[in-house]
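All remarks here apply to the structure that follows.
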Amino acid sequence: MGGHKGRQLASKWVKTEALLSHIDIAPHIPPTKRFTAENLRSMLDAHHMVVVKPVVGAGGHGVIKVTKRSRGSKSASGAESYAFTYYAQTKRFASFAALIGALNKKRKGRAYLIQKGIDLATVDGRPIDYRVKYVKTEKGWVYRAIVGRIAKPGLFVTNLCRGGTLVKSAFGISRSISPAEVAEKKSKMRELTVLSTGVLEKKYPGIGQLGFDYGIDKQGKIWIFEVNTRPQ
Ligand SMILES: Nc1ncnc2c1ncn2[C@@H]1O[C@H](COP(=O)(O)OP(=O)(O)O)[C@@H](O)[C@H]1O
Ligand SMILES: [Mg+2]
């Protein structure tokens with residue numbers, strides 16, 4: 001806390017809950033629950049692909065994609081199978097119990113979230129998302145940057161420290177969605193940034209720097225993955 005950079009909030013859960021309280025922001029937050037076996041089961045039933053991540057984390061560390069596949073009703077038991085992807089490695093599981101066992105091994109007792117997996121628009125098959133940096137100055141809040149980050153080939157996380165490539169947001173939106181949508185998507189991300197900052201600052205006075213991670217899915221919908229209070 002404190003310091004010239006402003007107040008810091010580590011918990012992704014706390015920040016997500018704050019944003020969910022605003023009626024115009026909530027539709028842009030992927031459904032999110034605490035990690036429990038029961039919640040994982042229901043989230044996989046509802047969304048088929050989910051991302052599990054540490055409540056307190058950064059740099060894509062510990063972020064795991066989990067998928068469920070149903071093989072149809074013909075086969076008796078064992079109609080479902082599961083897989084998770086951690087960095088470039090995918091593991092498959094024939095039962096939910098085996099999946100949970102492996103996830104708990106990775107979690108090592110840390111608190112995790114489960115989030116609906118967003119099918120991100122891609123550039124050359126690589127998922128892309130966007131970082132909007134917003135900083136408080138004497139003149140009020142100002143944008144420092146809106147940049148695209150393209151995942152390293154084979155990864156689903158776009159974090160730069162995981163080999164992601166930094167690109168101009170206009171280039172990223174043009175290549176992954178359409179050149180015709182650049183202005184609209186950028187202005188929507190700015191609008192969500194202003195709204196979200198208002199909500200967070202009201203609840204947590206003293207925040208001074210925010211880094212928003214936005215995903216745009218293949219249908220063009222904008223999602224907020226997380227808000228960093230200590231953006232790089
Ligand atoms: N719900 C999600 N659906 C799809 N991809 C996601 C989701 N959540 C995170 N990711 C991917 O993982 C990266 C890291 O997740 P993030 O929530 O930003 O945590 P970190 O604090 O580790 O950066 C994101 O930039 C994005 O590429
Ligand atoms: Mg992030």
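Within each chain, counting starts at residue 1; across the structure tokens, chains are named A, B, ... in the order shown, with ligands numbered 1 upward in that order.
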Checklist line | Contacts to ligand 1 at 8 Å cut-off (only C-alpha atoms and all ligand atoms) as a PyMOL selection string | finding: chain A and resi 12+30+50-54+56-63+65+115-120+127-130+151+156-159+213-215+225-228
Output N, CA and C atoms for every residue in the selection just made, as an mmCIF file, in the first residue's frame.
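In the end it all went to part-v8.cif:
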data_model
loop_
_atom_site.group_PDB
_atom_site.id
_atom_site.type_symbol
_atom_site.label_atom_id
_atom_site.label_comp_id
_atom_site.auth_asym_id
_atom_site.auth_seq_id
_atom_site.Cartn_x
_atom_site.Cartn_y
_atom_site.Cartn_z
ATOM 1 N N LYS A 12 -7.570 -10.878 -7.246
ATOM 2 C CA LYS A 12 -8.398 -10.818 -8.457
ATOM 3 C C LYS A 12 -9.870 -10.990 -8.106
ATOM 4 N N PRO A 30 -16.153 -12.236 -17.516
ATOM 5 C CA PRO A 30 -16.495 -13.649 -17.700
ATOM 6 C C PRO A 30 -17.032 -14.209 -16.380
ATOM 7 N N VAL A 50 -12.883 -23.617 -19.420
ATOM 8 C CA VAL A 50 -12.703 -22.625 -18.353
ATOM 9 C C VAL A 50 -11.209 -22.368 -18.179
ATOM 10 N N VAL A 51 -10.905 -21.245 -17.531
ATOM 11 C CA VAL A 51 -9.521 -20.949 -17.170
ATOM 12 C C VAL A 51 -9.467 -20.880 -15.646
ATOM 13 N N VAL A 52 -8.529 -21.592 -15.052
ATOM 14 C CA VAL A 52 -8.352 -21.481 -13.603
ATOM 15 C C VAL A 52 -7.048 -20.724 -13.352
ATOM 16 N N LYS A 53 -7.094 -19.827 -12.373
ATOM 17 C CA LYS A 53 -5.913 -18.982 -12.123
ATOM 18 C C LYS A 53 -5.833 -18.585 -10.666
ATOM 19 N N PRO A 54 -4.632 -18.298 -10.189
ATOM 20 C CA PRO A 54 -4.465 -17.936 -8.782
ATOM 21 C C PRO A 54 -5.217 -16.642 -8.466
ATOM 22 N N VAL A 56 -4.299 -14.543 -6.322
ATOM 23 C CA VAL A 56 -3.201 -13.578 -6.302
ATOM 24 C C VAL A 56 -2.111 -14.108 -7.228
ATOM 25 N N GLY A 57 -1.938 -13.419 -8.358
ATOM 26 C CA GLY A 57 -0.953 -13.921 -9.316
ATOM 27 C C GLY A 57 -0.656 -12.878 -10.362
ATOM 28 N N ALA A 58 0.360 -13.134 -11.158
ATOM 29 C CA ALA A 58 0.742 -12.219 -12.229
ATOM 30 C C ALA A 58 1.591 -12.976 -13.237
ATOM 31 N N GLY A 59 1.734 -12.364 -14.402
ATOM 32 C CA GLY A 59 2.640 -12.913 -15.400
ATOM 33 C C GLY A 59 2.215 -14.248 -15.985
ATOM 34 N N GLY A 60 0.925 -14.567 -15.859
ATOM 35 C CA GLY A 60 0.448 -15.837 -16.411
ATOM 36 C C GLY A 60 0.869 -17.055 -15.605
ATOM 37 N N HIS A 61 1.488 -16.823 -14.439
ATOM 38 C CA HIS A 61 1.933 -17.950 -13.609
ATOM 39 C C HIS A 61 0.735 -18.729 -13.083
ATOM 40 N N GLY A 62 0.751 -20.009 -13.252
ATOM 41 C CA GLY A 62 -0.302 -20.847 -12.683
ATOM 42 C C GLY A 62 -1.628 -20.775 -13.400
ATOM 43 N N VAL A 63 -1.678 -20.101 -14.557
ATOM 44 C CA VAL A 63 -2.941 -19.978 -15.299
ATOM 45 C C VAL A 63 -3.117 -21.214 -16.189
ATOM 46 N N LYS A 65 -5.747 -23.724 -18.579
ATOM 47 C CA LYS A 65 -6.993 -23.867 -19.343
ATOM 48 C C LYS A 65 -7.506 -25.285 -19.169
ATOM 49 N N GLN A 115 -12.774 -19.256 -14.226
ATOM 50 C CA GLN A 115 -13.410 -18.263 -15.079
ATOM 51 C C GLN A 115 -13.829 -18.935 -16.383
ATOM 52 N N LYS A 116 -14.984 -18.510 -16.878
ATOM 53 C CA LYS A 116 -15.385 -18.989 -18.205
ATOM 54 C C LYS A 116 -14.248 -18.730 -19.183
ATOM 55 N N GLY A 117 -13.895 -19.714 -19.995
ATOM 56 C CA GLY A 117 -12.840 -19.531 -20.981
ATOM 57 C C GLY A 117 -13.376 -18.739 -22.165
ATOM 58 N N ILE A 118 -12.652 -17.727 -22.560
ATOM 59 C CA ILE A 118 -13.046 -16.889 -23.690
ATOM 60 C C ILE A 118 -12.265 -17.343 -24.922
ATOM 61 N N ASP A 119 -13.016 -17.570 -26.002
ATOM 62 C CA ASP A 119 -12.403 -18.020 -27.254
ATOM 63 C C ASP A 119 -11.899 -16.780 -27.994
ATOM 64 N N LEU A 120 -10.657 -16.411 -27.681
ATOM 65 C CA LEU A 120 -10.115 -15.146 -28.181
ATOM 66 C C LEU A 120 -9.942 -15.146 -29.696
ATOM 67 N N PRO A 127 -3.775 -16.453 -29.990
ATOM 68 C CA PRO A 127 -4.692 -15.560 -29.286
ATOM 69 C C PRO A 127 -4.055 -14.193 -29.034
ATOM 70 N N ILE A 128 -4.912 -13.164 -29.115
ATOM 71 C CA ILE A 128 -4.433 -11.809 -28.819
ATOM 72 C C ILE A 128 -5.347 -11.172 -27.777
ATOM 73 N N ASP A 129 -4.766 -10.461 -26.827
ATOM 74 C CA ASP A 129 -5.564 -9.606 -25.947
ATOM 75 C C ASP A 129 -4.885 -8.243 -25.812
ATOM 76 N N TYR A 130 -5.462 -7.369 -24.991
ATOM 77 C CA TYR A 130 -5.053 -5.955 -24.995
ATOM 78 C C TYR A 130 -4.823 -5.465 -23.580
ATOM 79 N N ALA A 151 -0.097 -14.099 -28.143
ATOM 80 C CA ALA A 151 0.518 -15.219 -27.431
ATOM 81 C C ALA A 151 1.645 -15.844 -28.246
ATOM 82 N N PHE A 156 -1.694 -20.229 -24.725
ATOM 83 C CA PHE A 156 -2.944 -19.464 -24.757
ATOM 84 C C PHE A 156 -2.828 -18.199 -23.931
ATOM 85 N N VAL A 157 -1.821 -18.083 -23.060
ATOM 86 C CA VAL A 157 -1.615 -16.847 -22.296
ATOM 87 C C VAL A 157 -0.756 -15.893 -23.127
ATOM 88 N N THR A 158 -1.092 -14.610 -23.064
ATOM 89 C CA THR A 158 -0.427 -13.623 -23.918
ATOM 90 C C THR A 158 0.680 -12.858 -23.197
ATOM 91 N N ASN A 159 0.854 -13.139 -21.898
ATOM 92 C CA ASN A 159 1.794 -12.342 -21.088
ATOM 93 C C ASN A 159 3.156 -12.220 -21.764
ATOM 94 N N ASP A 213 -6.592 -5.793 -18.515
ATOM 95 C CA ASP A 213 -6.398 -6.818 -19.545
ATOM 96 C C ASP A 213 -7.740 -7.113 -20.202
ATOM 97 N N TYR A 214 -7.866 -6.758 -21.478
ATOM 98 C CA TYR A 214 -9.100 -6.972 -22.230
ATOM 99 C C TYR A 214 -8.907 -8.059 -23.272
ATOM 100 N N GLY A 215 -9.882 -8.964 -23.347
ATOM 101 C CA GLY A 215 -9.913 -9.922 -24.445
ATOM 102 C C GLY A 215 -11.030 -9.541 -25.400
ATOM 103 N N PHE A 225 -10.455 -9.444 -18.406
ATOM 104 C CA PHE A 225 -9.844 -10.595 -17.735
ATOM 105 C C PHE A 225 -9.411 -10.254 -16.319
ATOM 106 N N GLU A 226 -8.807 -9.088 -16.178
ATOM 107 C CA GLU A 226 -8.350 -8.678 -14.845
ATOM 108 C C GLU A 226 -7.940 -7.216 -14.890
ATOM 109 N N VAL A 227 -7.827 -6.638 -13.688
ATOM 110 C CA VAL A 227 -7.310 -5.278 -13.557
ATOM 111 C C VAL A 227 -6.112 -5.338 -12.619
ATOM 112 N N ASN A 228 -4.984 -4.829 -13.084
ATOM 113 C CA ASN A 228 -3.762 -4.807 -12.278
ATOM 114 C C ASN A 228 -3.597 -3.448 -11.628
#
Please run DSSP on the backbone and report, as a PyMOL selection string, all residues within region 64-133 of chain A that come out as strand (DSSP E).
chain A and resi 64-70+80-86+89-93+112-116+122-123+126-133
Once you have the residues from the selection above, write them out as a PDB file, in the first residue's frame, restricted to C-alpha atoms.
ATOM      1  CA  ILE A  64      -4.429 -23.234 -16.621  1.00  0.00           C
ATOM      2  CA  LYS A  65      -6.993 -23.867 -19.343  1.00  0.00           C
ATOM      3  CA  VAL A  66      -9.380 -26.761 -18.622  1.00  0.00           C
ATOM      4  CA  THR A  67     -11.734 -28.374 -21.133  1.00  0.00           C
ATOM      5  CA  LYS A  68     -14.430 -31.004 -20.919  1.00  0.00           C
ATOM      6  CA  ARG A  69     -15.411 -33.210 -23.801  1.00  0.00           C
ATOM      7  CA  SER A  70     -18.553 -35.301 -23.907  1.00  0.00           C
ATOM      8  CA  GLU A  80     -16.626 -37.607 -20.555  1.00  0.00           C
ATOM      9  CA  SER A  81     -12.993 -36.735 -20.739  1.00  0.00           C
ATOM     10  CA  TYR A  82     -11.013 -33.746 -19.570  1.00  0.00           C
ATOM     11  CA  ALA A  83      -7.833 -31.964 -20.507  1.00  0.00           C
ATOM     12  CA  PHE A  84      -5.801 -29.150 -19.119  1.00  0.00           C
ATOM     13  CA  THR A  85      -3.203 -26.965 -20.751  1.00  0.00           C
ATOM     14  CA  TYR A  86      -0.456 -25.416 -18.700  1.00  0.00           C
ATOM     15  CA  GLN A  89       1.766 -28.838 -22.170  1.00  0.00           C
ATOM     16  CA  THR A  90      -1.625 -30.544 -22.450  1.00  0.00           C
ATOM     17  CA  LYS A  91      -2.619 -33.456 -20.221  1.00  0.00           C
ATOM     18  CA  ARG A  92      -5.710 -35.611 -20.639  1.00  0.00           C
ATOM     19  CA  PHE A  93      -7.819 -37.222 -17.948  1.00  0.00           C
ATOM     20  CA  TYR A 112      -7.737 -20.175  -7.262  1.00  0.00           C
ATOM     21  CA  LEU A 113     -10.550 -18.764  -9.390  1.00  0.00           C
ATOM     22  CA  ILE A 114     -12.462 -20.495 -12.153  1.00  0.00           C
ATOM     23  CA  GLN A 115     -13.410 -18.263 -15.079  1.00  0.00           C
ATOM     24  CA  LYS A 116     -15.385 -18.989 -18.205  1.00  0.00           C
ATOM     25  CA  THR A 122      -6.405 -14.708 -33.100  1.00  0.00           C
ATOM     26  CA  VAL A 123      -3.579 -13.443 -35.315  1.00  0.00           C
ATOM     27  CA  ARG A 126      -2.302 -17.046 -31.881  1.00  0.00           C
ATOM     28  CA  PRO A 127      -4.692 -15.560 -29.286  1.00  0.00           C
ATOM     29  CA  ILE A 128      -4.433 -11.809 -28.819  1.00  0.00           C
ATOM     30  CA  ASP A 129      -5.564  -9.606 -25.947  1.00  0.00           C
ATOM     31  CA  TYR A 130      -5.053  -5.955 -24.995  1.00  0.00           C
ATOM     32  CA  ARG A 131      -3.532  -3.997 -22.139  1.00  0.00           C
ATOM     33  CA  VAL A 132      -4.891  -0.540 -21.367  1.00  0.00           C
ATOM     34  CA  LYS A 133      -2.768   1.432 -18.933  1.00  0.00           C
TER      35      LYS A 133
END
With distances taken over only C-alpha atoms and all ligand atoms, the candidate from A:Arg149, A:Leu192, A:Thr36, A:Arg7 nearest ligand 2 is A:Arg149
- request: Name the residues in contact with region 199-207 of chain A at a cut-off of 8 Å, using only C-alpha atoms, excluding same-chain residues fewer than 3 positions from it; report them as a PyMOL selection string.
  value: chain A and resi 2+5-8+15+18-19+22+195-196+210+229
*asked:* as a VMD selection string, please: every residue in region 99-221 of chain A that a backbone DSSP assignment puts in alpha helix (DSSP H).
replied: chain A and resid 99 to 107 169 to 176 182 to 203
Saved selection, atoms kept: N, CA and C atoms, as a tab-separated table (two decimals), in the first residue's frame:
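Result went into out-v3.tsv, see below:
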chain	number	residue	atom	x	y	z
A	99	LEU	N	-8.69	-35.36	-12.94
A	99	LEU	CA	-8.49	-33.94	-13.27
A	99	LEU	C	-8.28	-33.11	-12.00
A	100	ILE	N	-9.19	-33.27	-11.04
A	100	ILE	CA	-9.10	-32.50	-9.79
A	100	ILE	C	-7.79	-32.81	-9.06
A	101	GLY	N	-7.41	-34.07	-9.05
A	101	GLY	CA	-6.16	-34.46	-8.39
A	101	GLY	C	-4.97	-33.73	-8.99
A	102	ALA	N	-4.93	-33.69	-10.32
A	102	ALA	CA	-3.80	-33.04	-11.00
A	102	ALA	C	-3.83	-31.52	-10.79
A	103	LEU	N	-5.03	-30.93	-10.79
A	103	LEU	CA	-5.13	-29.48	-10.57
A	103	LEU	C	-4.71	-29.13	-9.15
A	104	ASN	N	-5.11	-29.95	-8.19
A	104	ASN	CA	-4.73	-29.66	-6.81
A	104	ASN	C	-3.22	-29.74	-6.61
A	105	LYS	N	-2.61	-30.62	-7.37
A	105	LYS	CA	-1.15	-30.73	-7.31
A	105	LYS	C	-0.49	-29.44	-7.82
A	106	LYS	N	-1.04	-28.88	-8.87
A	106	LYS	CA	-0.51	-27.63	-9.42
A	106	LYS	C	-0.81	-26.45	-8.49
A	107	ARG	N	-1.97	-26.47	-7.86
A	107	ARG	CA	-2.38	-25.35	-7.00
A	107	ARG	C	-1.53	-25.25	-5.75
A	169	SER	N	-2.33	-1.70	-30.94
A	169	SER	CA	-3.69	-2.23	-30.83
A	169	SER	C	-4.42	-2.18	-32.17
A	170	ALA	N	-4.19	-1.14	-32.96
A	170	ALA	CA	-4.87	-1.03	-34.26
A	170	ALA	C	-4.47	-2.19	-35.18
A	171	PHE	N	-3.19	-2.54	-35.15
A	171	PHE	CA	-2.73	-3.68	-35.94
A	171	PHE	C	-3.41	-4.96	-35.46
A	172	GLY	N	-3.44	-5.14	-34.14
A	172	GLY	CA	-4.01	-6.37	-33.57
A	172	GLY	C	-5.48	-6.52	-33.89
A	173	ILE	N	-6.24	-5.43	-33.75
A	173	ILE	CA	-7.68	-5.50	-34.01
A	173	ILE	C	-7.91	-5.72	-35.51
A	174	SER	N	-7.14	-5.02	-36.35
A	174	SER	CA	-7.27	-5.20	-37.80
A	174	SER	C	-7.05	-6.64	-38.20
A	175	ARG	N	-5.98	-7.22	-37.68
A	175	ARG	CA	-5.59	-8.57	-38.11
A	175	ARG	C	-6.46	-9.66	-37.50
A	176	SER	N	-6.98	-9.43	-36.29
A	176	SER	CA	-7.74	-10.49	-35.61
A	176	SER	C	-9.25	-10.36	-35.81
A	182	VAL	N	-11.58	-1.17	-35.74
A	182	VAL	CA	-10.53	-0.65	-34.85
A	182	VAL	C	-11.05	0.47	-33.96
A	183	ALA	N	-11.68	1.48	-34.57
A	183	ALA	CA	-12.11	2.65	-33.79
A	183	ALA	C	-13.15	2.24	-32.75
A	184	GLU	N	-14.11	1.41	-33.15
A	184	GLU	CA	-15.18	1.01	-32.24
A	184	GLU	C	-14.64	0.20	-31.05
A	185	LYS	N	-13.78	-0.76	-31.32
A	185	LYS	CA	-13.27	-1.60	-30.21
A	185	LYS	C	-12.39	-0.78	-29.27
A	186	LYS	N	-11.58	0.10	-29.82
A	186	LYS	CA	-10.73	0.93	-28.95
A	186	LYS	C	-11.59	1.84	-28.09
A	187	SER	N	-12.63	2.42	-28.67
A	187	SER	CA	-13.43	3.35	-27.87
A	187	SER	C	-14.23	2.59	-26.82
A	188	LYS	N	-14.65	1.36	-27.14
A	188	LYS	CA	-15.36	0.56	-26.14
A	188	LYS	C	-14.43	0.19	-24.97
A	189	MET	N	-13.17	-0.14	-25.28
A	189	MET	CA	-12.22	-0.45	-24.21
A	189	MET	C	-11.97	0.79	-23.34
A	190	ARG	N	-11.88	1.97	-23.99
A	190	ARG	CA	-11.70	3.21	-23.22
A	190	ARG	C	-12.89	3.48	-22.32
A	191	GLU	N	-14.09	3.27	-22.87
A	191	GLU	CA	-15.32	3.51	-22.11
A	191	GLU	C	-15.37	2.59	-20.88
A	192	LEU	N	-15.05	1.31	-21.08
A	192	LEU	CA	-15.06	0.37	-19.95
A	192	LEU	C	-13.98	0.72	-18.93
A	193	THR	N	-12.86	1.25	-19.42
A	193	THR	CA	-11.77	1.65	-18.52
A	193	THR	C	-12.21	2.81	-17.62
A	194	VAL	N	-12.88	3.80	-18.20
A	194	VAL	CA	-13.35	4.94	-17.41
A	194	VAL	C	-14.38	4.49	-16.38
A	195	LEU	N	-15.35	3.70	-16.81
A	195	LEU	CA	-16.39	3.21	-15.89
A	195	LEU	C	-15.77	2.40	-14.76
A	196	SER	N	-14.89	1.47	-15.12
A	196	SER	CA	-14.31	0.56	-14.13
A	196	SER	C	-13.43	1.32	-13.14
A	197	THR	N	-12.70	2.30	-13.65
A	197	THR	CA	-11.84	3.08	-12.76
A	197	THR	C	-12.68	3.83	-11.74
A	198	GLY	N	-13.82	4.37	-12.20
A	198	GLY	CA	-14.72	5.06	-11.28
A	198	GLY	C	-15.18	4.14	-10.15
A	199	VAL	N	-15.58	2.92	-10.52
A	199	VAL	CA	-16.05	1.96	-9.52
A	199	VAL	C	-14.93	1.59	-8.54
A	200	LEU	N	-13.75	1.32	-9.09
A	200	LEU	CA	-12.64	0.87	-8.24
A	200	LEU	C	-12.15	2.00	-7.33
A	201	GLU	N	-12.09	3.22	-7.88
A	201	GLU	CA	-11.58	4.32	-7.08
A	201	GLU	C	-12.54	4.68	-5.94
A	202	LYS	N	-13.83	4.55	-6.21
A	202	LYS	CA	-14.82	4.83	-5.17
A	202	LYS	C	-14.67	3.82	-4.03
A	203	LYS	N	-14.49	2.57	-4.41
A	203	LYS	CA	-14.39	1.51	-3.40
A	203	LYS	C	-13.01	1.47	-2.74
ask   = What gap, in Å, lies between CA of Tyr134 (chain A) and CA of Gln209 (chain A)?
value =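 Answer for the CA of Tyr134 (chain A) to CA of Gln209 (chain A) separation: 6.0 Å.
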Using only C-alpha atoms, the residue out of A:Phe35, A:Tyr87, A:Tyr143, A:Trp13 with shortest distance to Gly109 (chain A) is A:Phe35
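With only C-alpha atoms and all ligand atoms as the basis for measurement, A:Cys161 is the residue among A:Met43, A:Cys161, A:Ile222, A:Ala88 that approaches ligand 2 most closely.
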Within 8 Å of Leu166 (chain A), counting only C-alpha atoms, which residues qualify if same-chain residues fewer than 4 places away don't, as a ChimeraX atom specification? /A:147-150,160
_So, with only C-alpha atoms and all ligand atoms as the atoms that count, which of A:Leu20, A:Met49, A:Ile224, A:Leu9 lies closest to ligand 2?_
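Among the listed residues, A:Ile224 lies closest to ligand 2.
Remark: for ligand 2, the closest of the candidate residues A:Ala10, A:Ala94, A:Ala46, A:Leu40 is A:Ala10 (distances computed over only C-alpha atoms and all ligand atoms).
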query = For ligand 2, which of A:Lys221, A:Arg71, A:Lys168, A:Arg162 is the closest residue, counting only C-alpha atoms and all ligand atoms?
reply =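 The answer is A:Arg162, which sits nearest to ligand 2.
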Worksheet item: So how far away is CA of Gly211 (chain A) from CA of Arg230 (chain A), in Å?
Response: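 CA of Gly211 (chain A) lies at a distance of 7.3 Å from CA of Arg230 (chain A).
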